[in-house]
$ cat target_30.cif   # mmCIF, C-alpha atoms and all ligand atoms
data_final
#
loop_
_atom_site.label_atom_id
_atom_site.label_comp_id
_atom_site.auth_asym_id
_atom_site.auth_seq_id
_atom_site.Cartn_x
_atom_site.Cartn_y
_atom_site.Cartn_z
CA MET A 1 7.50 14.98 63.81
CA LYS A 2 6.07 12.05 61.95
CA SER A 3 4.98 9.08 64.00
CA PHE A 4 4.83 5.41 63.06
CA ALA A 5 3.90 2.19 64.73
CA TYR A 6 7.17 0.30 64.98
CA TYR A 7 7.40 -3.46 64.48
CA PRO A 8 10.77 -4.79 65.70
CA GLY A 9 10.51 -8.56 65.15
CA CYS A 10 12.24 -11.22 67.26
CA THR A 11 15.82 -10.88 66.10
CA LEU A 12 16.12 -7.15 66.73
CA LYS A 13 15.61 -7.97 70.40
CA THR A 14 18.36 -10.61 70.43
CA THR A 15 21.28 -10.91 68.01
CA GLY A 16 20.25 -7.85 66.00
CA LYS A 17 20.03 -5.36 68.88
CA ALA A 18 22.52 -3.01 67.23
CA PHE A 19 20.11 -2.53 64.32
CA GLU A 20 17.33 -1.36 66.59
CA GLN A 21 19.64 0.73 68.75
CA SER A 22 21.12 2.57 65.78
CA ALA A 23 17.70 3.03 64.16
CA PHE A 24 16.38 4.75 67.29
CA ALA A 25 19.47 6.94 67.40
CA ILE A 26 19.09 8.21 63.84
CA ALA A 27 15.29 8.46 64.07
CA LYS A 28 15.75 10.90 66.93
CA VAL A 29 17.97 13.12 64.82
CA LEU A 30 15.49 12.96 61.93
CA ASP A 31 12.49 13.63 64.12
CA ILE A 32 10.83 10.33 63.28
CA GLN A 33 8.87 8.87 66.15
CA MET A 34 8.95 5.07 66.31
CA ARG A 35 6.25 3.83 68.67
CA GLU A 36 6.87 0.18 69.38
CA ILE A 37 3.74 -1.95 69.08
CA GLU A 38 2.73 -3.36 72.43
CA ARG A 39 2.18 -7.12 72.32
CA TRP A 40 3.56 -7.57 68.84
CA ASN A 41 4.12 -11.16 67.87
CA CYS A 42 6.49 -12.96 65.50
CA CYS A 43 5.49 -12.37 61.87
CA GLY A 44 6.55 -15.88 60.89
CA THR A 45 9.71 -14.59 59.14
CA VAL A 46 8.77 -16.16 55.78
CA PHE A 47 5.64 -15.48 53.76
CA SER A 48 3.68 -18.69 53.29
CA LEU A 49 3.56 -19.53 49.58
CA THR A 50 0.63 -21.89 49.79
CA THR A 51 -2.74 -20.75 48.55
CA ASP A 52 -4.88 -23.27 50.38
CA ASP A 53 -4.27 -22.36 54.02
CA THR A 54 -5.06 -18.79 54.96
CA MET A 55 -4.36 -19.65 58.60
CA HIS A 56 -0.64 -19.45 57.90
CA HIS A 57 -1.02 -15.67 57.74
CA ILE A 58 -2.79 -15.23 61.02
CA ALA A 59 0.25 -14.37 63.14
CA THR A 60 1.34 -11.81 60.57
CA ILE A 61 -2.06 -10.14 60.31
CA ARG A 62 -2.63 -10.02 64.06
CA ASN A 63 0.14 -7.42 64.17
CA MET A 64 -1.90 -5.21 61.83
CA ILE A 65 -4.74 -5.21 64.36
CA ARG A 66 -2.23 -4.06 66.99
CA VAL A 67 -1.22 -1.19 64.68
CA GLU A 68 -4.83 -0.07 64.24
CA GLU A 69 -5.41 -0.31 67.99
CA MET A 70 -2.66 2.28 68.42
CA GLY A 71 -4.48 4.62 66.07
CA GLU A 72 -1.65 4.41 63.55
CA SER A 73 -2.06 3.71 59.84
CA GLU A 74 1.53 2.91 58.92
CA VAL A 75 3.93 0.44 60.40
CA LEU A 76 7.66 1.00 60.16
CA VAL A 77 9.81 -2.10 59.79
CA LEU A 78 13.61 -2.45 59.88
CA CYS A 79 14.29 -6.15 59.30
CA SER A 80 14.06 -7.05 55.61
CA MET A 81 12.54 -10.45 56.26
CA CYS A 82 9.84 -9.11 58.58
CA TYR A 83 9.15 -6.39 56.04
CA ASN A 84 8.75 -8.88 53.22
CA THR A 85 6.52 -11.18 55.26
CA LEU A 86 4.34 -8.43 56.72
CA LYS A 87 3.98 -6.61 53.41
CA ARG A 88 3.17 -9.67 51.34
CA ALA A 89 0.71 -11.14 53.83
CA ASN A 90 -0.91 -7.75 54.26
CA ASN A 91 -1.28 -7.25 50.49
CA TYR A 92 -2.51 -10.78 50.00
CA ILE A 93 -5.17 -10.66 52.71
CA SER A 94 -6.22 -7.03 52.33
CA THR A 95 -6.96 -7.30 48.63
CA ASP A 96 -9.14 -10.38 49.09
CA PRO A 97 -12.32 -9.60 51.06
CA VAL A 98 -13.16 -13.28 51.49
CA LYS A 99 -9.79 -14.12 53.03
CA LEU A 100 -9.86 -10.99 55.17
CA ALA A 101 -13.29 -11.94 56.54
CA GLU A 102 -12.10 -15.50 57.12
CA LEU A 103 -9.13 -14.32 59.16
CA ASN A 104 -11.18 -11.79 61.12
CA ASP A 105 -13.66 -14.56 61.92
CA PHE A 106 -10.89 -16.74 63.20
CA MET A 107 -9.60 -13.92 65.41
CA TYR A 108 -13.04 -13.38 66.92
CA LYS A 109 -11.55 -12.70 70.34
CA GLU A 110 -9.88 -9.55 69.08
CA GLU A 111 -11.90 -6.46 69.91
CA LEU A 112 -11.08 -4.84 66.61
CA LYS A 113 -11.58 -6.33 63.18
CA TYR A 114 -8.73 -5.68 60.81
CA SER A 115 -9.76 -3.17 58.14
CA GLY A 116 -7.05 -4.16 55.67
CA LYS A 117 -5.83 -0.58 55.52
CA VAL A 118 -2.48 -0.57 57.30
CA LYS A 119 0.55 0.31 55.18
CA VAL A 120 3.76 -1.62 55.76
CA ARG A 121 6.83 0.52 55.18
CA HIS A 122 10.52 -0.08 55.42
CA LEU A 123 12.68 2.60 57.00
CA LEU A 124 14.55 2.95 53.71
CA GLU A 125 11.31 3.92 51.96
CA ILE A 126 10.54 6.45 54.66
CA LEU A 127 14.00 7.98 54.30
CA ARG A 128 13.64 8.23 50.53
CA ASP A 129 9.98 9.29 50.28
CA ASP A 130 9.23 11.19 53.50
CA VAL A 131 12.53 12.58 54.75
CA GLY A 132 14.08 12.87 51.28
CA TRP A 133 17.79 12.78 50.47
CA ASP A 134 18.10 16.55 50.81
CA GLY A 135 16.45 16.46 54.20
CA LEU A 136 18.86 13.76 55.25
CA ARG A 137 21.87 15.62 53.91
CA GLU A 138 21.05 18.51 56.23
CA LYS A 139 21.59 16.24 59.22
CA VAL A 140 24.96 14.94 58.08
CA THR A 141 27.60 16.55 60.26
CA ASN A 142 30.40 14.12 59.56
CA PRO A 143 30.32 13.26 55.84
CA LEU A 144 31.92 9.89 55.24
CA GLU A 145 34.20 11.09 52.47
CA ASP A 146 36.49 8.48 50.94
CA ILE A 147 34.56 5.57 52.42
CA LYS A 148 33.46 3.14 49.74
CA VAL A 149 30.31 1.28 50.54
CA ALA A 150 28.85 -1.86 48.99
CA SER A 151 25.09 -1.92 49.48
CA TYR A 152 23.81 -5.45 49.92
CA TYR A 153 20.13 -5.90 49.15
CA GLY A 154 19.93 -9.69 49.18
CA CYS A 155 16.43 -11.03 48.59
CA ALA A 156 13.74 -9.87 50.95
CA LEU A 157 14.23 -6.17 50.37
CA VAL A 158 13.58 -6.37 46.63
CA ARG A 159 11.94 -9.64 45.59
CA PRO A 160 9.56 -10.68 44.25
CA GLN A 161 7.77 -8.08 42.15
CA GLY A 162 5.50 -5.92 44.29
CA ALA A 163 7.08 -6.90 47.60
CA GLY A 164 10.19 -4.76 47.55
CA VAL A 165 11.26 -1.25 48.46
CA ASP A 166 12.54 -0.50 44.97
CA ASN A 167 12.98 -1.81 41.43
CA LEU A 168 13.63 -5.52 41.80
CA GLU A 169 16.50 -5.83 39.34
CA ASP A 170 18.04 -2.39 39.59
CA PRO A 171 17.35 -0.85 42.99
CA SER A 172 19.15 2.34 43.99
CA VAL A 173 17.71 3.36 47.36
CA MET A 174 20.73 2.23 49.38
CA GLU A 175 23.23 3.74 46.95
CA ASP A 176 21.31 7.03 47.08
CA LEU A 177 21.43 6.85 50.85
CA VAL A 178 25.18 6.26 50.78
CA ARG A 179 25.61 9.32 48.54
CA ALA A 180 23.52 11.46 50.88
CA LEU A 181 25.87 10.45 53.70
CA GLY A 182 28.81 11.76 51.72
CA ALA A 183 30.26 8.29 51.10
CA LYS A 184 30.86 6.56 47.76
CA PRO A 185 28.63 3.73 46.60
CA VAL A 186 30.48 0.96 44.77
CA ASN A 187 29.00 -0.76 41.80
CA TRP A 188 29.26 -4.51 42.40
CA PRO A 189 27.73 -7.60 40.87
CA SER A 190 26.54 -9.53 43.93
CA ARG A 191 24.31 -7.00 45.61
CA LEU A 192 21.10 -8.88 44.76
CA GLU A 193 22.40 -12.38 45.41
CA CYS A 194 21.04 -14.58 48.17
CA CYS A 195 23.20 -15.33 51.23
CA GLY A 196 21.61 -18.75 51.69
CA SER A 197 19.11 -17.48 54.26
CA TYR A 198 17.70 -20.11 56.63
CA GLN A 199 19.86 -22.79 55.05
CA THR A 200 22.41 -21.54 57.58
CA LEU A 201 20.83 -24.10 59.92
CA ALA A 202 20.43 -27.03 57.58
CA ASN A 203 23.25 -26.51 55.06
CA LYS A 204 25.90 -24.37 56.63
CA ASP A 205 28.40 -25.06 53.84
CA LEU A 206 26.10 -23.48 51.32
CA VAL A 207 26.10 -20.28 53.37
CA LEU A 208 29.87 -20.30 53.80
CA GLU A 209 30.27 -20.61 50.05
CA ARG A 210 27.79 -17.79 49.44
CA THR A 211 29.49 -15.59 52.04
CA GLU A 212 32.90 -16.11 50.53
CA HIS A 213 31.56 -15.25 47.09
CA ILE A 214 29.55 -12.19 48.14
CA VAL A 215 32.15 -10.65 50.45
CA SER A 216 34.98 -11.26 47.97
CA SER A 217 32.90 -9.69 45.23
CA ALA A 218 32.39 -6.55 47.33
CA ARG A 219 36.10 -6.44 48.15
CA GLU A 220 37.20 -6.86 44.58
CA SER A 221 34.90 -4.00 43.65
CA GLY A 222 36.84 -1.78 46.01
CA ALA A 223 34.44 -1.61 48.94
CA ASP A 224 35.63 -0.74 52.45
CA LEU A 225 32.51 -2.11 54.03
CA ILE A 226 29.12 -3.64 53.33
CA ILE A 227 25.79 -2.28 54.54
CA LEU A 228 22.58 -4.26 54.79
CA SER A 229 19.18 -4.37 56.39
CA CYS A 230 18.63 -7.95 57.52
CA PRO A 231 19.79 -9.61 60.75
CA LEU A 232 19.92 -13.01 59.06
CA CYS A 233 22.12 -11.70 56.23
CA GLU A 234 24.20 -10.00 58.91
CA PHE A 235 24.77 -13.33 60.63
CA ASN A 236 25.51 -15.15 57.37
CA ILE A 237 27.75 -12.69 55.57
CA GLY A 238 29.00 -10.90 58.69
CA THR A 239 29.46 -13.23 61.65
CA ARG A 240 30.18 -16.28 59.50
CA GLN A 241 33.15 -14.58 57.82
CA ALA A 242 35.34 -15.95 60.62
CA GLU A 243 34.48 -19.50 59.55
CA VAL A 244 35.13 -18.70 55.90
CA ALA A 245 38.55 -17.34 56.85
CA GLU A 246 39.34 -20.61 58.63
CA ARG A 247 38.65 -22.77 55.64
CA SER A 248 39.60 -20.51 52.73
CA TYR A 249 43.21 -19.52 52.64
CA GLY A 250 43.64 -15.92 51.52
CA PHE A 251 40.04 -14.90 52.25
CA LYS A 252 39.94 -11.33 53.41
CA GLY A 253 36.78 -10.19 55.07
CA LEU A 254 35.00 -6.87 55.17
CA PRO A 255 33.15 -5.10 57.98
CA VAL A 256 29.37 -5.45 57.73
CA LEU A 257 27.15 -2.71 59.17
CA TYR A 258 23.44 -2.09 59.30
CA PHE A 259 22.64 0.93 57.11
CA THR A 260 21.41 2.72 60.22
CA GLN A 261 24.85 2.35 61.83
CA LEU A 262 26.48 4.00 58.83
CA MET A 263 23.90 6.78 58.99
CA GLY A 264 24.64 7.31 62.66
CA LEU A 265 28.35 7.70 61.96
CA ALA A 266 27.62 10.33 59.32
CA MET A 267 25.45 12.14 61.83
CA GLY A 268 28.28 12.22 64.32
CA ILE A 269 26.70 9.80 66.78
CA ASP A 270 29.07 7.93 69.09
CA PRO A 271 29.81 4.40 67.73
CA ASP A 272 28.96 3.02 71.18
CA ASP A 273 25.44 4.35 70.84
CA LEU A 274 25.13 2.65 67.48
CA GLY A 275 26.24 -0.76 68.72
CA ILE A 276 29.34 -0.71 66.50
CA THR A 277 31.92 -3.16 67.79
CA ASP A 278 33.90 -4.03 64.65
CA GLU A 279 37.51 -3.11 65.41
CA ARG A 280 38.25 -2.37 61.77
CA VAL A 281 35.48 0.23 61.59
CA LEU A 282 36.53 1.78 64.89
CA ALA A 283 40.17 1.98 63.78
CA ARG A 284 39.17 3.60 60.51
CA LEU A 285 37.09 6.19 62.35
CA LYS A 286 39.95 6.95 64.67
CA GLU A 287 42.22 7.45 61.69
CA LYS A 288 39.70 9.83 60.18
CA VAL A 289 39.37 11.86 63.37
CA GLU A 290 43.16 12.13 63.70
CA SER A 291 43.65 13.28 60.13
CA MET B 1 11.76 -48.33 37.32
CA ILE B 2 9.75 -45.25 36.59
CA GLU B 3 8.21 -45.17 33.15
CA LEU B 4 8.81 -41.86 31.47
CA GLY B 5 5.90 -39.74 30.46
CA ARG B 6 3.22 -41.73 32.20
CA HIS B 7 0.55 -39.74 33.94
CA THR B 8 -0.91 -42.48 36.10
CA LYS B 9 -3.84 -41.69 38.38
CA SER B 10 -1.72 -41.38 41.53
CA ARG B 11 0.78 -39.13 39.77
CA ARG B 12 -2.04 -37.01 38.40
CA ASP B 13 -3.42 -36.68 41.93
CA ILE B 14 -0.12 -35.38 43.27
CA LEU B 15 0.27 -32.99 40.35
CA ASP B 16 -3.25 -31.71 41.00
CA LYS B 17 -2.34 -31.17 44.61
CA VAL B 18 0.82 -29.26 43.69
CA GLU B 19 -1.21 -27.12 41.31
CA ARG B 20 -3.89 -26.55 43.90
CA ILE B 21 -1.45 -25.54 46.64
CA SER B 22 0.67 -23.32 44.38
CA GLU B 23 -1.84 -22.14 41.78
CA VAL B 24 0.96 -22.37 39.24
CA ASP B 25 0.60 -24.03 35.84
CA VAL B 26 3.87 -25.91 35.33
CA PHE B 27 2.95 -26.63 31.70
CA ALA B 28 3.66 -23.01 30.80
CA CYS B 29 7.41 -23.66 31.18
CA TYR B 30 9.36 -23.79 27.91
CA GLN B 31 12.63 -24.95 29.45
CA CYS B 32 14.81 -21.93 28.86
CA GLY B 33 16.82 -22.67 32.01
CA ARG B 34 16.82 -19.09 33.29
CA CYS B 35 15.61 -20.20 36.72
CA SER B 36 18.55 -22.54 37.20
CA GLY B 37 21.12 -20.05 35.98
CA ASP B 38 20.86 -17.74 38.97
CA CYS B 39 19.93 -20.18 41.72
CA PRO B 40 22.22 -19.80 44.76
CA SER B 41 21.57 -23.37 45.91
CA ILE B 42 22.28 -25.03 42.59
CA ASN B 43 25.52 -26.70 43.74
CA LEU B 44 23.64 -28.73 46.32
CA MET B 45 20.81 -29.73 44.02
CA ASP B 46 20.51 -33.16 42.42
CA ILE B 47 18.07 -31.90 39.82
CA MET B 48 18.01 -28.29 38.69
CA PRO B 49 14.92 -26.12 39.13
CA ASN B 50 14.08 -26.22 35.39
CA GLN B 51 14.47 -30.01 35.44
CA ALA B 52 12.15 -30.23 38.41
CA ILE B 53 9.51 -28.38 36.40
CA ARG B 54 10.13 -30.62 33.38
CA PHE B 55 9.78 -33.77 35.51
CA LEU B 56 6.46 -32.50 36.75
CA GLN B 57 5.29 -31.90 33.19
CA LEU B 58 6.23 -35.48 32.37
CA GLY B 59 4.43 -36.81 35.40
CA GLU B 60 7.65 -37.78 37.16
CA VAL B 61 6.44 -36.56 40.51
CA GLU B 62 8.29 -39.14 42.63
CA ALA B 63 11.64 -38.03 41.24
CA VAL B 64 10.96 -34.46 42.30
CA LEU B 65 9.42 -35.31 45.66
CA SER B 66 12.43 -37.41 46.61
CA SER B 67 14.97 -34.87 45.37
CA LYS B 68 17.31 -32.79 47.50
CA THR B 69 16.37 -29.81 45.38
CA ILE B 70 13.16 -28.95 47.18
CA TRP B 71 14.92 -28.91 50.57
CA VAL B 72 18.05 -26.94 49.69
CA CYS B 73 16.08 -24.12 48.04
CA ALA B 74 16.53 -20.94 50.08
CA SER B 75 13.28 -19.28 48.88
CA CYS B 76 15.23 -16.35 47.48
CA PHE B 77 12.71 -15.72 44.66
CA THR B 78 15.44 -15.15 42.09
CA CYS B 79 13.98 -17.83 39.80
CA THR B 80 10.45 -16.51 40.31
CA SER B 81 11.50 -12.95 39.56
CA ARG B 82 13.36 -13.81 36.39
CA CYS B 83 11.27 -16.51 34.69
CA PRO B 84 10.26 -15.09 31.29
CA LYS B 85 7.05 -17.12 31.41
CA GLY B 86 6.04 -15.73 34.78
CA ILE B 87 6.20 -19.10 36.50
CA ASP B 88 6.51 -18.83 40.25
CA ILE B 89 9.02 -21.64 40.73
CA ALA B 90 9.56 -20.87 44.42
CA ARG B 91 5.85 -21.49 44.92
CA VAL B 92 5.99 -24.83 43.11
CA LEU B 93 8.87 -25.92 45.32
CA GLU B 94 6.94 -24.85 48.41
CA ALA B 95 3.95 -26.91 47.27
CA LEU B 96 6.21 -29.94 46.81
CA ARG B 97 7.63 -29.43 50.30
CA GLN B 98 4.11 -29.16 51.64
CA VAL B 99 3.09 -32.44 49.98
CA CYS B 100 5.86 -34.08 52.05
CA LEU B 101 5.49 -32.06 55.24
CA ARG B 102 1.76 -32.61 55.44
CA LYS B 103 2.53 -36.29 55.78
CA ASN B 104 4.63 -35.37 58.81
CA ILE B 105 7.92 -36.10 57.12
CA ASP B 106 10.20 -33.44 58.62
CA GLN B 107 13.47 -32.53 56.95
CA LEU B 108 15.18 -30.71 59.76
CA ASP B 109 16.57 -32.76 62.60
CA LEU B 110 17.58 -30.32 65.29
CA ASN B 111 19.71 -33.01 66.91
CA ASN B 112 22.09 -32.68 64.00
CA ILE B 113 22.94 -29.12 64.93
CA PRO B 114 25.94 -28.97 67.26
CA GLU B 115 25.24 -27.40 70.64
CA GLU B 116 27.76 -24.58 70.31
CA GLU B 117 26.13 -23.63 67.00
CA ARG B 118 22.64 -23.55 68.49
CA GLU B 119 23.55 -20.79 70.88
CA ARG B 120 24.69 -18.44 68.14
CA TYR B 121 21.85 -18.70 65.68
CA PRO B 122 19.60 -15.68 65.33
CA THR B 123 15.93 -16.28 66.16
CA ILE B 124 15.02 -15.50 62.58
CA ALA B 125 17.11 -18.45 61.33
CA TRP B 126 15.31 -20.88 63.65
CA VAL B 127 11.83 -19.69 62.80
CA SER B 128 12.34 -19.56 59.05
CA ALA B 129 14.11 -22.94 58.85
CA LEU B 130 11.45 -24.59 60.98
CA ARG B 131 8.66 -23.06 58.92
CA LYS B 132 10.20 -24.21 55.66
CA LEU B 133 11.63 -27.56 56.59
CA SER B 134 9.30 -29.04 59.19
CA GLY B 135 5.57 -29.57 59.36
S1 LIG A 301 12.82 -19.79 33.82
FE1 LIG A 301 10.63 -20.33 33.65
S2 LIG A 301 10.32 -20.97 31.52
FE2 LIG A 301 12.55 -20.96 31.89
S3 LIG A 301 13.01 -23.09 32.51
FE3 LIG A 301 12.64 -21.94 34.40
S4 LIG A 301 10.45 -22.24 34.81
FE4 LIG A 301 10.78 -22.81 32.68
S1 LIG A 302 13.89 -19.69 45.18
FE1 LIG A 302 14.95 -21.64 45.50
S2 LIG A 302 15.06 -22.59 43.46
FE2 LIG A 302 14.56 -20.42 43.16
S3 LIG A 302 16.55 -19.46 42.80
FE3 LIG A 302 16.10 -19.27 44.99
S4 LIG A 302 17.07 -21.06 45.96
FE4 LIG A 302 16.95 -21.45 43.74
#
$ encode --input "target_30.cif" --output "structure tokens"
Amino acid sequence: MKSFAYYPGCTLKTTGKAFEQSAFAIAKVLDIQMREIERWNCCGTVFSLTTDDTMHHIATIRNMIRVEEMGESEVLVLCSMCYNTLKRANNYISTDPVKLAELNDFMYKEELKYSGKVKVRHLLEILRDDVGWDGLREKVTNPLEDIKVASYYGCALVRPQGAGVDNLEDPSVMEDLVRALGAKPVNWPSRLECCGSYQTLANKDLVLERTEHIVSSARESGADLIILSCPLCEFNIGTRQAEVAERSYGFKGLPVLYFTQLMGLAMGIDPDDLGITDERVLARLKEKVES
Amino acid sequence: MIELGRHTKSRRDILDKVERISEVDVFACYQCGRCSGDCPSINLMDIMPNQAIRFLQLGEVEAVLSSKTIWVCASCFTCTSRCPKGIDIARVLEALRQVCLRKNIDQLDLNNIPEEERERYPTIAWVSALRKLSG
């Protein structure tokens, strides 16, 4: 069994509970131990792009101290935005001894000084590089044959250079995952497009327009469902579909699942234990069982 | 009326600040327009990302600071990732936001968000919007 410090982030404890629940369910099958960091704090959700105020990274880096206190050297992250923020801040501070010392000085009340050595890893990377697609295939008891899946990367999982889990313009980790689950990845043009992110608060119409475009693109490419790895994308291109349907005549939505939920289904885990509530997905599964 | 192409002292000061905060040299831009081509927020922008960079080169800092562009950007890093000159446009826009926010001029008025909406928003949306759009 491989063990990791696990950083959940705020949203996986609130609107994104199903992501965490399904991740724990599949981790158990794969013998991955996720040890939740005690006293983790919000990472800040967005990496500060300013170069003149190191203090903006303090909340992010404090979590790295927590990881080292646990005796772990790698932290597993699920949420794409947390991953991006933690990874970029960690790279930025750890490769600059002056900034690292500055932050450690500021956190003088911490018993441990941060060494700069923690590795931030997304579950998708761990699946690809540690478990391996063959290892995963062995655990698939219910291959999702005939299900066509559009993998949605969005922004935080791949951009910018050096921050992502894969090649920034042509990633394949999610498609490879889909294949390992026995399902069919669809090739579609909008998989790297932004959903509008936090503009969901300030400019909701922008997000509705993005959602309509992205979901329709997946549909037109023949997808049965979309998978993703970000609770903000899930809200924007999942939950907000109902609002798009109200204003755009003829808009047909698609179910949106966290990639861990899809994995759970392929591993024969009960949809209830994966937090799957989408009626369309449940109906499709029922159909599959009956046939 | 703003005079085109004039780098007055106060404009130079703001440009210096933007360069200091972002560590990006806007003069490297050769106006290919790639950044604007893939921007998801372009429909809501009054000046396009490449125009914003051009205005800065010309010293037109007020036009950029008062634009909608810097506030509707979603920090998706598409422009940054694809600029053939390696210009980190997202960083320049963040510096411009910071120039405003550090004067305590917030862009997000939470009172404008209807109550029934507030209940549904994921935590991550609140934190990121507040970090980007308020000081
Ligand atoms: S992509 Fe780069 S070089 Fe081209 S217009 Fe935009 S900032 Fe300038
Ligand atoms: S980072 Fe901002 S300006 Fe650049 S493409 Fe994304 S939304 Fe547009």
$ atom_distance --input "target_30.cif" --atom1 "atom CA of Asp13 of chain B" --atom2 "atom CA of Val26 of chain B"
14.6 Å
$ interface_residues --input "target_30.cif" --of "chain B" --to "chain A" --cutoff "6 Å" --atoms "all atoms listed in the file" --output "PyMOL selection string"
chain B and resi 21-22+74+76-77+81+91+122-125+128-129
$ residues_around --input "target_30.cif" --residues "Val18 of chain B" --least-positions-apart "5" --cutoff "7 Å" --atoms "only C-alpha atoms" --output "ChimeraX atom specification"
/B:92,95-96
$ atom_distance --input "target_30.cif" --atom1 "atom CA of Glu69 of chain A" --atom2 "atom CA of Met1 of chain A"
20.4 Å
$ closest_residue --input "target_30.cif" --among "A:Gly162, A:Pro143, A:Pro189, A:Gly71" --to "Val118 of chain A" --atoms "all atoms listed in the file"
A:Gly71
$ residues_near_ligand --input "target_30.cif" --ligand "ligand LIG 302 (chain A)" --cutoff "7 Å" --atoms "all atoms listed in the file" --output "count of residues only"
18
$ residues_near_point --input "target_30.cif" --point "(8.2, -3.0, 65.4)" --cutoff "6 Å" --atoms "all atoms listed in the file" --output "list in words"
Tyr6, Tyr7, Pro8, Glu36, Ile37 and Val77 of chain A
$ closest_atom_pairs --input "target_30.cif" --of "chain B" --to "ligand LIG 301 (chain A)" --cutoff "8 Å" --atoms "only C-alpha atoms and all ligand atoms" --output "tab-separated table"
residue	atom	partner	partner_atom	distance
B:Val26	CA	A:LIG301	S4	7.6
B:Ala28	CA	A:LIG301	S2	7.0
B:Cys29	CA	A:LIG301	FE4	3.8
B:Tyr30	CA	A:LIG301	S2	4.7
B:Gln31	CA	A:LIG301	S3	3.6
B:Cys32	CA	A:LIG301	FE2	3.9
B:Gly33	CA	A:LIG301	S3	3.9
B:Arg34	CA	A:LIG301	S1	4.1
B:Cys35	CA	A:LIG301	S1	4.0
B:Ser36	CA	A:LIG301	FE3	6.6
B:Pro49	CA	A:LIG301	FE3	6.7
B:Asn50	CA	A:LIG301	S3	4.4
B:Gln51	CA	A:LIG301	S3	7.7
B:Ile53	CA	A:LIG301	S4	6.4
B:Arg54	CA	A:LIG301	FE4	7.9
B:Cys79	CA	A:LIG301	S1	6.4
B:Thr80	CA	A:LIG301	S1	7.6
B:Arg82	CA	A:LIG301	S1	6.5
B:Cys83	CA	A:LIG301	S1	3.7
B:Pro84	CA	A:LIG301	FE1	5.8
B:Lys85	CA	A:LIG301	S2	5.1
B:Gly86	CA	A:LIG301	FE1	6.6
B:Ile87	CA	A:LIG301	FE1	5.4
B:Asp88	CA	A:LIG301	S4	7.5
B:Ile89	CA	A:LIG301	S4	6.1
$ atom_distance --input "target_30.cif" --atom1 "atom CA of Asp106 of chain B" --atom2 "atom CA of Val61 of chain B"
18.8 Å
$ axis_aligned_box --input "target_30.cif" --around "segment 70-86 of chain A" --padding-each-side "6 Å" --output "JSON"
{"center_x": 4.9, "center_y": -3.3, "center_z": 60.8, "size_x": 30.8, "size_y": 27.8, "size_z": 27.2}
$ closest_residue --input "target_30.cif" --among "A:Tyr153, A:Lys87, A:Asn167, A:Leu181" --to "Gly268 of chain A" --atoms "all atoms listed in the file"
A:Leu181
$ closest_residue --input "target_30.cif" --among "A:Leu112, A:Leu136, A:Ala242, A:Met107" --to "Asp31 of chain A" --atoms "all atoms listed in the file"
A:Leu136
$ closest_residue --input "target_30.cif" --among "B:Ser67, B:Gln57, B:Ser10, B:Asn112" --to "Cys100 of chain B" --atoms "only C-alpha atoms"
B:Ser67
